[in-house]
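Here is upload.txt, consisting of compact mmCIF, C-alpha atoms:
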```txt
# COMPACT_ATOMS: atom_id res chain seq x y z
CA MET W 1 -19.56 -31.29 35.14
CA SER W 2 -19.43 -31.87 31.39
CA THR W 3 -20.60 -35.14 29.88
CA LYS W 4 -20.13 -37.14 26.70
CA THR W 5 -22.06 -40.11 25.41
CA CYS W 6 -20.46 -43.49 24.84
CA SER W 7 -21.10 -43.09 21.11
CA GLN W 8 -19.08 -39.85 21.07
CA THR W 9 -16.06 -41.85 22.27
CA ARG W 10 -16.55 -44.94 20.12
CA ALA W 11 -13.65 -46.10 17.93
CA ILE W 12 -13.77 -49.04 15.53
CA GLN W 13 -10.90 -50.74 13.73
CA ALA W 14 -11.24 -53.70 11.39
CA ARG W 15 -8.55 -55.68 9.62
CA ARG W 16 -7.98 -59.04 7.97
CA ILE W 17 -5.89 -61.67 9.77
CA PHE W 18 -2.82 -62.46 7.65
CA PRO W 19 -0.19 -65.22 8.04
CA PHE W 20 2.25 -62.87 9.82
CA ASP W 21 -0.46 -62.16 12.48
CA VAL W 22 -1.01 -65.74 13.64
CA ASN W 23 0.47 -68.20 16.12
CA MET W 24 1.27 -71.88 15.60
CA HIS W 25 -2.46 -72.69 15.74
CA ASN W 26 -3.11 -70.39 12.76
CA THR W 27 -5.19 -68.05 14.92
CA LEU W 28 -4.51 -64.41 15.74
CA PHE W 29 -1.61 -64.18 18.19
CA GLY W 30 -2.84 -62.74 21.52
CA GLY W 31 -0.08 -60.13 21.60
CA ASN W 32 -1.18 -58.82 18.20
CA LEU W 33 -4.78 -58.57 19.40
CA THR W 34 -3.61 -56.70 22.50
CA ARG W 35 -1.73 -54.20 20.33
CA ILE W 36 -4.80 -53.62 18.14
CA ILE W 37 -7.01 -53.11 21.21
CA ASP W 38 -4.55 -50.69 22.83
CA ASP W 39 -4.41 -48.63 19.64
CA CYS W 40 -8.20 -48.50 19.28
CA ALA W 41 -8.74 -47.79 22.99
CA SER W 42 -6.24 -44.93 22.87
CA ILE W 43 -8.32 -43.27 20.14
CA THR W 44 -11.44 -43.66 22.30
CA VAL W 45 -9.63 -42.02 25.21
CA SER W 46 -8.39 -39.14 23.06
CA ARG W 47 -11.92 -38.56 21.77
CA HIS W 48 -13.18 -38.42 25.33
CA CYS W 49 -10.62 -36.21 27.06
CA ARG W 50 -8.82 -34.47 24.14
CA ARG W 51 -5.49 -34.70 25.94
CA LEU W 52 -2.58 -37.11 26.30
CA ALA W 53 -3.24 -40.21 28.38
CA VAL W 54 -1.45 -43.42 29.32
CA THR W 55 -2.58 -47.01 29.67
CA ALA W 56 -2.72 -47.74 33.41
CA SER W 57 -4.16 -51.26 33.56
CA VAL W 58 -5.83 -54.04 31.64
CA ASP W 59 -8.46 -56.17 33.30
CA ALA W 60 -8.51 -59.82 32.32
CA MET W 61 -8.50 -60.41 28.58
CA ASN W 62 -11.39 -62.75 27.97
CA TYR W 63 -10.60 -64.78 24.85
CA LEU W 64 -13.96 -66.30 23.94
CA LYS W 65 -13.35 -67.67 20.43
CA PRO W 66 -10.21 -67.97 18.30
CA LEU W 67 -9.75 -65.64 15.35
CA PRO W 68 -8.53 -67.85 12.47
CA LEU W 69 -6.25 -66.92 9.61
CA GLY W 70 -8.23 -65.27 6.81
CA HIS W 71 -11.04 -64.02 9.04
CA SER W 72 -11.40 -60.34 9.89
CA VAL W 73 -11.09 -58.90 13.38
CA CYS W 74 -13.08 -55.82 14.36
CA VAL W 75 -12.26 -54.03 17.62
CA GLU W 76 -14.84 -51.64 19.02
CA THR W 77 -14.09 -49.50 22.07
CA TYR W 78 -15.91 -46.85 24.07
CA ILE W 79 -15.65 -45.18 27.47
CA SER W 80 -17.58 -47.18 30.08
CA GLY W 81 -16.80 -45.17 33.22
CA THR W 82 -14.79 -42.22 34.47
CA GLY W 83 -13.07 -41.10 37.63
CA LYS W 84 -11.45 -37.73 38.17
CA LYS W 85 -8.59 -38.37 35.73
CA SER W 86 -9.13 -42.03 34.85
CA MET W 87 -11.23 -43.54 32.10
CA GLU W 88 -12.34 -47.13 31.77
CA VAL W 89 -12.61 -48.39 28.19
CA PHE W 90 -14.80 -51.33 27.23
CA CYS W 91 -13.26 -53.37 24.41
CA LYS W 92 -15.34 -55.68 22.26
CA VAL W 93 -13.67 -57.91 19.66
CA VAL W 94 -15.82 -59.32 16.85
CA GLY W 95 -14.52 -61.87 14.38
CA GLU W 96 -15.97 -62.49 10.95
CA ASP W 97 -15.59 -65.28 8.45
CA VAL W 98 -15.54 -62.95 5.46
CA LEU W 99 -16.35 -65.78 3.04
CA ASN W 100 -19.75 -66.56 4.57
CA GLY W 101 -20.48 -63.44 6.68
CA GLU W 102 -20.70 -65.26 10.03
CA ARG W 103 -19.85 -62.83 12.86
CA TYR W 104 -19.02 -63.87 16.42
CA LEU W 105 -17.91 -62.32 19.70
CA ALA W 106 -14.24 -63.28 20.03
CA ALA W 107 -13.01 -61.37 23.12
CA THR W 108 -13.81 -58.67 25.67
CA SER W 109 -11.80 -56.68 28.17
CA PHE W 110 -11.75 -53.46 30.16
CA TRP W 111 -8.76 -51.11 30.04
CA THR W 112 -8.02 -48.12 32.25
CA PHE W 113 -6.25 -45.01 31.02
CA VAL W 114 -5.18 -41.95 33.00
CA ALA W 115 -5.32 -38.48 31.47
CA LEU W 116 -2.19 -36.35 31.84
CA PRO W 117 -2.18 -32.67 32.81
CA ARG W 118 -1.35 -30.12 30.17
CA GLU W 119 1.74 -27.97 30.70
CA GLY W 120 1.17 -25.68 33.68
CA GLU W 121 -2.13 -27.33 34.59
CA THR W 122 -2.58 -28.17 38.25
CA ASP W 123 -6.08 -29.59 38.41
CA PHE W 124 -8.59 -30.98 35.92
CA MET W 125 -11.31 -33.60 35.58
CA VAL W 126 -12.33 -35.70 32.61
CA ASP W 127 -15.94 -35.55 31.41
CA ALA W 128 -18.50 -37.95 32.83
CA ILE W 129 -19.95 -40.58 30.51
CA VAL W 130 -23.61 -41.11 29.58
CA PRO W 131 -24.69 -44.49 28.15
CA GLU W 132 -27.56 -44.58 25.65
CA THR W 133 -28.05 -48.12 24.26
CA ASP W 134 -29.02 -51.18 26.30
CA GLU W 135 -25.51 -52.60 25.87
CA GLU W 136 -23.87 -49.35 27.01
CA LYS W 137 -26.19 -49.08 30.02
CA PHE W 138 -25.40 -52.65 31.07
CA ILE W 139 -21.64 -52.23 30.60
CA CYS W 140 -21.53 -48.85 32.37
CA SER W 141 -23.67 -50.09 35.27
CA GLY W 142 -20.81 -52.33 36.43
CA TYR W 143 -18.18 -49.57 36.42
CA GLU W 144 -18.14 -48.79 40.16
CA GLU W 145 -17.78 -52.46 41.10
CA ARG W 146 -14.93 -52.96 38.59
CA ARG W 147 -13.24 -49.75 39.78
CA LYS W 148 -13.40 -50.92 43.41
CA ALA W 149 -11.89 -54.30 42.44
CA ARG W 150 -9.09 -52.54 40.50
CA LEU W 151 -8.24 -50.32 43.47
CA GLU W 152 -8.10 -53.37 45.75
CA GLN W 153 -5.82 -55.11 43.23
CA LEU W 154 -3.62 -52.00 43.09
CA GLY W 155 -3.20 -52.19 46.88
CA ARG W 156 -2.16 -55.85 46.61
CA GLN W 157 0.25 -54.94 43.78
CA GLU W 158 1.88 -52.23 45.91
CA ALA W 159 2.39 -54.74 48.73
CA LEU W 160 3.85 -57.23 46.25
CA MET W 161 6.27 -54.63 44.88
CA ASP W 162 7.71 -54.19 48.40
CA HIS W 163 8.82 -57.85 48.29
CA ILE W 164 10.19 -58.14 44.76
CA THR W 165 13.93 -58.08 44.23
CA VAL W 166 15.41 -56.68 41.04
CA VAL W 167 18.93 -57.89 40.37
CA LYS W 168 21.41 -56.87 37.72
CA PRO W 169 21.80 -59.57 35.03
CA TRP W 170 25.51 -59.97 35.76
CA ASN W 171 24.69 -60.77 39.42
CA LEU W 172 22.27 -63.63 38.72
CA GLU W 173 24.75 -66.32 39.74
CA ASN W 174 24.99 -64.70 43.19
CA HIS W 175 21.22 -64.32 43.58
CA GLU W 176 19.53 -66.61 46.07
CA SER W 177 16.26 -68.15 44.91
```
Target encoding structure tokens, full file:
Amino acid sequence: MSTKTCSQTRAIQARRIFPFDVNMHNTLFGGNLTRIIDDCASITVSRHCRRLAVTASVDAMNYLKPLPLGHSVCVETYISGTGKKSMEVFCKVVGEDVLNGERYLAATSFWTFVALPREGETDFMVDAIVPETDEEKFICSGYEERRKARLEQLGRQEALMDHITVVKPWNLENHES
């Protein structure tokens, strides 16, 4: 099996937080942060598997510190575990007060992407991942436990989907709560 290092998959995006990015608290709107992370993580995934892939799940977004207007936000992502076709991406969000240089950990999360087969392809596997730094080794060491928890959650989600009703908007008045 082929391997890649976490550093070979690393993607980093930095940007300033402008007034159109913030919520009513003058901090980066969570939906905007999610979009930035998804974009950065998708580059990490492409670097790892060199094929099309889709976002399959997002583990809990851990918002640790707000990202105020005028600060910068830097998203760093790398592959932290792989299955046969799935890739877990660790996402680290660092804020910076650009006027004084103070940097702080603002958020973390784990995302899962699934690689898609190329036209006519019937079977493939993504490369395994090899951590090198202490941080990467620590993050990657928890992959199997997180993967097991995600698979259990997927089973609960499938059971939930069997009990959810989807009604047409024009039939809402006839829908029983």
May I have a table of the residues of range 134-153 of chain W lying at most 12 Å from range 108-111 of chain W, giving each one's closest pair of atoms and their distance in Å to one decimal, counting all atoms listed in the file, ordered by chain and ascending residue number, as a tab-separated table?
```
residue	atom	partner	partner_atom	distance
W:Ile139	CA	W:Phe110	CA	10.0
W:Cys140	CA	W:Phe110	CA	11.0
W:Gly142	CA	W:Phe110	CA	11.1
W:Tyr143	CA	W:Phe110	CA	9.8
W:Arg146	CA	W:Phe110	CA	9.0
W:Arg147	CA	W:Phe110	CA	10.4
W:Arg150	CA	W:Trp111	CA	10.6
```
**Report entry** Residue among W:Leu67, W:Arg10, W:Asn62, W:Arg15 lying closest to Thr27 in chain W, counting all atoms listed in the file
**Finding:**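 For Thr27 in chain W, the nearest of the candidates is W:Leu67.
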Query raised in the report: Rounded to one decimal in Å, what is the spacing between CA of Val126 in chain W and CA of Thr55 in chain W?
Result: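 Rounded to one decimal, the two atoms are 15.2 Å apart.
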Requested in this report: Do a neighbour search on Ala128 in chain W at 8 Å with all atoms listed in the file, toss out local chain neighbours closer than 3 positions, and write the hits as a ChimeraX atom specification.
Outcome: /W:1-4,81-83
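CA of Glu144 in chain W is positioned 12.8 Å from CA of Ile129 in chain W.
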Query - Shortest interatomic distance to Asp38 in chain W - which of W:Ser7, W:Ser57, W:Gln157, W:Thr122, counting only C-alpha atoms - result: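 Checking each of W:Ser7, W:Ser57, W:Gln157, W:Thr122 against Asp38 in chain W, counting only C-alpha atoms, the winner is W:Ser57.
Rounded to one decimal, CA of His48 in chain W and CA of Thr9 in chain W lie 5.4 Å from each other.
Distances to Val98 in chain W were evaluated for W:Met125, W:Asp21, W:Arg118, W:Pro68 using all atoms listed in the file, and the minimum falls at W:Pro68.
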Requested in this report: Choose the residue, out of W:Leu69, W:Trp170, W:Gly101, W:Ala41, that has the smallest atom-to-atom separation from Val89 in chain W; count all atoms listed in the file.
Outcome: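 Smallest distance to Val89 in chain W is found for W:Ala41.
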Requested in this report: Fewer than 6 positions away in the same chain doesn't count, so skip those; otherwise give me all residues within 12 Å of Asn23 in chain W, counting all atoms listed in the file, as a ChimeraX atom specification.
Outcome: /W:17,29-33,66-69
Query raised in the report: Near Thr44 in chain W, counting all atoms listed in the file, which residues have an atom at most 10 Å away, once you skip same-chain residues fewer than 5 positions from it, shown as a list in words?
Result: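 My reading of the contact set: Cys6, Ser7, Gln8, Thr9, Arg10, Ala11, Ile12, Asp38, Asp39, Cys49, Arg50, Glu76, Thr77, Tyr78, Ile79, Met87, Val89 and Phe90 of chain W.
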Using only C-alpha atoms, please write the residues we just selected to a file, as a PDB file, in the coordinates of the input.
```pdb
ATOM      1  CA  CYS W   6     -20.460 -43.490  24.840  1.00  0.00           C
ATOM      2  CA  SER W   7     -21.100 -43.090  21.110  1.00  0.00           C
ATOM      3  CA  GLN W   8     -19.080 -39.850  21.070  1.00  0.00           C
ATOM      4  CA  THR W   9     -16.060 -41.850  22.270  1.00  0.00           C
ATOM      5  CA  ARG W  10     -16.550 -44.940  20.120  1.00  0.00           C
ATOM      6  CA  ALA W  11     -13.650 -46.100  17.930  1.00  0.00           C
ATOM      7  CA  ILE W  12     -13.770 -49.040  15.530  1.00  0.00           C
ATOM      8  CA  ASP W  38      -4.550 -50.690  22.830  1.00  0.00           C
ATOM      9  CA  ASP W  39      -4.410 -48.630  19.640  1.00  0.00           C
ATOM     10  CA  CYS W  49     -10.620 -36.210  27.060  1.00  0.00           C
ATOM     11  CA  ARG W  50      -8.820 -34.470  24.140  1.00  0.00           C
ATOM     12  CA  GLU W  76     -14.840 -51.640  19.020  1.00  0.00           C
ATOM     13  CA  THR W  77     -14.090 -49.500  22.070  1.00  0.00           C
ATOM     14  CA  TYR W  78     -15.910 -46.850  24.070  1.00  0.00           C
ATOM     15  CA  ILE W  79     -15.650 -45.180  27.470  1.00  0.00           C
ATOM     16  CA  MET W  87     -11.230 -43.540  32.100  1.00  0.00           C
ATOM     17  CA  VAL W  89     -12.610 -48.390  28.190  1.00  0.00           C
ATOM     18  CA  PHE W  90     -14.800 -51.330  27.230  1.00  0.00           C
TER      19      PHE W  90
END
```
Requested in this report: Measuring atom to atom with only C-alpha atoms, identify which of W:Ser46, W:Tyr104, W:Lys85, W:Gln13 is nearest to Asp123 in chain W.
Outcome: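 For Asp123 in chain W, the nearest of the given residues is W:Lys85.
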